[in-house]
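Enquirer: Sharing a structure, written as structure tokens. Questions coming.
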Amino acid sequence: MRSVIDILDLSVEELDELLAVAQDIIDNPVKYQNACAHKKLATLFFEPSTRTRLSFEAAMYELGGNVLSVTGGNTSSVAKGESVADTAKTVSCYADIIAMRHPKEGAALVAANNASIPVINAGDGGHCHPTQTLADLLTIKREKGGFGLCGDLKFGRTVHSLINAMSRYRDIRFILVSPEELKLPSYVKNETLKKYGLPYVQTTDLLEYLPEMDVLYMTRVQRERFFNEEDYLRLKDTYVLTPDKLKTAKTDLCIMHPLPRVNEISVAIDHDPRACYFKQVLNGKYMRMALILKLLKEAAV
Ligand code: NCD
């Protein structure tokens, strides 16, 4: 049974195929409106979410399918001590496909190993978040040049998945901007940037490198992954993008953020043509539609 736990579960050809299907959905929505009729998506979200869960659910509805939803550990048998494996086996009796978010790294893999239907990882702890990367890939207009990632590169799972995906393109130079304490984990660096010999710089200085960037991917400091509130408070506002700071940036810079934003991007930037983060939200729905379609089609053969 085909599941998507890591962005690397999808080949470059499959990513291209998903991008093409998403574009076709945007151009011809009517063609897809019954594509998943009588199919059920179960969204199992054991961590807070607005965009990802609603995006999966909107995607399924727009494909003519139905949704079963569990939110928060307190309203399901997880609160009684049920394992992820048993939950996955149970939900396989009711639904055709699962999207799951869980605070523990590896939980989606455990679910996939026990479910008899496809499982899509909608974020597992600080590990990865492949469908956010699908949204990101539809938003990034070119796969070359200076690719800046800024903020919490340690705990930000969207960053880990995106670097994994972008490492497959050869004309990119990564600019990793973070406080010392929130640097990209070495396992991500070793398995991607170093493995493929991709050029990168690590810096704490956003302004020094901003003029070189074609894409700037801002992220929030992941409060829920900190052991210590004092550390969070000290680091949370390290980078705040304001119109003033953007003066030295390229005129066609693509400013992204997986959202939710806390303070990282001033609302005064929202109307700047370079702000792409709400477009990114919409793109997430189309890419999730394309992914649900693909996995259900593969499960049917
Ligand atoms: C991200 C996540 O959950 O990792 N949000 C999202 O899915 N759009 C980023 C974040 O929470 O900061």
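Ligands are numbered from 1 in the order shown, chains are lettered A, B, ... in the order of the structure tokens, and residues start at 1 in each chain.
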Let me see if you get this right: every residue at most 7 Å from ligand 1, counting only C-alpha atoms and all ligand atoms, written as a list in words.
Expert: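 The neighbouring residues of ligand 1 are, in order, Ser49, Arg51, Thr52, Gly123, His129, Gln132, Gly156, Arg157, Thr158, Thr219, Arg220, Gln222, Pro258, Leu259 and Pro260 of chain A.
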Enquirer: Can those selected residues be exported to a file as an mmCIF file, in the first residue's frame so that it contains C-alpha atoms?
Expert:
```cif
data_model
loop_
_atom_site.group_PDB
_atom_site.id
_atom_site.type_symbol
_atom_site.label_atom_id
_atom_site.label_comp_id
_atom_site.auth_asym_id
_atom_site.auth_seq_id
_atom_site.Cartn_x
_atom_site.Cartn_y
_atom_site.Cartn_z
ATOM 1 C CA SER A 49 -3.812 22.718 12.751
ATOM 2 C CA ARG A 51 -4.529 25.117 7.216
ATOM 3 C CA THR A 52 -3.381 21.561 6.821
ATOM 4 C CA GLY A 123 3.357 16.516 10.010
ATOM 5 C CA HIS A 129 5.748 17.657 6.512
ATOM 6 C CA GLN A 132 3.454 21.454 2.924
ATOM 7 C CA GLY A 156 10.749 23.418 11.592
ATOM 8 C CA ARG A 157 9.585 20.243 9.856
ATOM 9 C CA THR A 158 8.492 22.190 6.769
ATOM 10 C CA THR A 219 9.386 30.236 9.597
ATOM 11 C CA ARG A 220 8.059 30.679 13.103
ATOM 12 C CA GLN A 222 8.336 26.306 17.113
ATOM 13 C CA PRO A 258 4.152 27.892 5.771
ATOM 14 C CA LEU A 259 2.039 29.837 8.318
ATOM 15 C CA PRO A 260 0.882 30.330 11.021
#
```
Enquirer: Pull the helix (DSSP H, G or I) assignments for segment 17-145 of chain A out of DSSP run on the backbone, and list those residues as a ChimeraX atom specification.
Expert: /A:17-27,29-32,51-62,73-75,77-80,84-91,107-114,130-139
Enquirer: Would you list the contacts of Leu235 of chain A as a short mmCIF file (atom, residue, chain, number, x, y, z; two decimals) with N, CA and C atoms, in the first residue's frame, taking every protein, DNA or RNA residue within 12 Å and counting only C-alpha atoms, but skipping same-chain residues closer than 6 positions in sequence?
Expert:
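Saved as around02.cif:
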```
data_model
loop_
_atom_site.label_atom_id
_atom_site.label_comp_id
_atom_site.auth_asym_id
_atom_site.auth_seq_id
_atom_site.Cartn_x
_atom_site.Cartn_y
_atom_site.Cartn_z
N GLY A 151 14.80 31.33 10.25
CA GLY A 151 14.02 31.16 11.48
C GLY A 151 14.43 29.92 12.23
N ASP A 152 13.43 29.07 12.51
CA ASP A 152 13.68 27.87 13.31
C ASP A 152 13.97 26.69 12.38
N SER A 178 19.61 31.36 10.82
CA SER A 178 18.95 31.01 12.08
C SER A 178 19.83 31.44 13.25
N PRO A 179 19.24 31.53 14.45
CA PRO A 179 20.09 31.71 15.62
C PRO A 179 20.94 30.44 15.79
N GLU A 180 22.06 30.56 16.45
CA GLU A 180 22.95 29.40 16.68
C GLU A 180 22.19 28.20 17.21
N GLU A 181 21.28 28.47 18.16
CA GLU A 181 20.56 27.38 18.85
C GLU A 181 19.56 26.67 17.94
N LEU A 182 19.20 27.29 16.82
CA LEU A 182 18.14 26.73 15.98
C LEU A 182 18.64 26.39 14.58
N THR A 204 23.78 33.88 10.87
CA THR A 204 22.75 34.41 11.77
C THR A 204 22.23 35.75 11.23
N ARG A 220 8.27 30.28 11.71
CA ARG A 220 8.06 30.68 13.10
C ARG A 220 8.94 29.83 14.01
N VAL A 221 9.33 30.38 15.15
CA VAL A 221 10.04 29.59 16.15
C VAL A 221 9.01 28.65 16.79
N GLN A 222 9.32 27.34 16.77
CA GLN A 222 8.34 26.31 17.11
C GLN A 222 8.23 26.13 18.64
N ARG A 223 7.47 27.01 19.23
CA ARG A 223 7.33 27.06 20.69
C ARG A 223 7.05 25.69 21.32
N PHE A 226 9.99 23.41 22.33
CA PHE A 226 11.01 23.86 23.28
C PHE A 226 10.81 23.19 24.63
N ASN A 228 12.04 24.69 27.26
CA ASN A 228 12.22 25.76 28.20
C ASN A 228 11.60 27.06 27.65
N GLU A 229 10.63 27.60 28.35
CA GLU A 229 9.91 28.79 27.88
C GLU A 229 10.84 30.00 27.75
N ASN A 263 5.24 36.60 14.50
CA ASN A 263 5.75 37.96 14.33
C ASN A 263 6.72 38.08 13.17
N GLU A 264 7.00 36.95 12.50
CA GLU A 264 8.15 36.90 11.57
C GLU A 264 8.01 37.81 10.36
#
```
Enquirer: Rounded to one decimal place, report the atom CA of Thr133 of chain A-atom CA of Pro199 of chain A distance in Å.
Expert: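 One can read the atom CA of Thr133 of chain A to atom CA of Pro199 of chain A distance as 20.7 Å.
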Enquirer: Between atom CA of Ala249 of chain A and atom CA of Tyr209 of chain A, what is the distance, to one decimal in Å?
Expert: 9.1 Å
Enquirer: One decimal, in Å: what's the spacing between atom CA of Leu253 of chain A and atom CA of Leu153 of chain A?
Expert: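 Separation between atom CA of Leu253 of chain A and atom CA of Leu153 of chain A: 20.3 Å.
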Enquirer: Measuring atom to atom with only C-alpha atoms, identify which of A:Ser11, A:Ser92, A:Ser161, A:Gln23 is nearest to Thr43 of chain A.
Expert: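 Residue with the minimum atom-to-atom distance to Thr43 of chain A: A:Ser92.
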Enquirer: As a list in words, which residues of segment 164-222 of chain A does DSSP assign to strand (DSSP E or B)?
Expert: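 Answer for segment 164-222 of chain A, restricted to strand (DSSP E or B): Asp171, Ile172, Arg173, Phe174, Ile175, Leu176, Val177, Tyr200, Val201, Gln202, Thr203, Val215, Leu216, Tyr217 and Met218 of chain A.
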Enquirer: When you count only C-alpha atoms, which of these residues is closest to Leu41 of chain A: A:Pro130, A:Leu296, A:Phe174, A:Arg261?
Expert: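 Selected residue with least distance to Leu41 of chain A: A:Leu296.
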Enquirer: For Leu282 of chain A, which residue among A:Ala107, A:Leu10, A:Met100, A:Leu134 is the nearest when counting only C-alpha atoms?
Expert: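 Answer, going by the shortest atom-to-atom distance: A:Leu134.
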Enquirer: So which one's closest to Lys279 of chain A, A:Phe147, A:Val159, A:Ala135, A:Tyr232? Using only C-alpha atoms, please.
Expert: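 Of A:Phe147, A:Val159, A:Ala135, A:Tyr232, the one nearest Lys279 of chain A, counting only C-alpha atoms, is A:Ala135.
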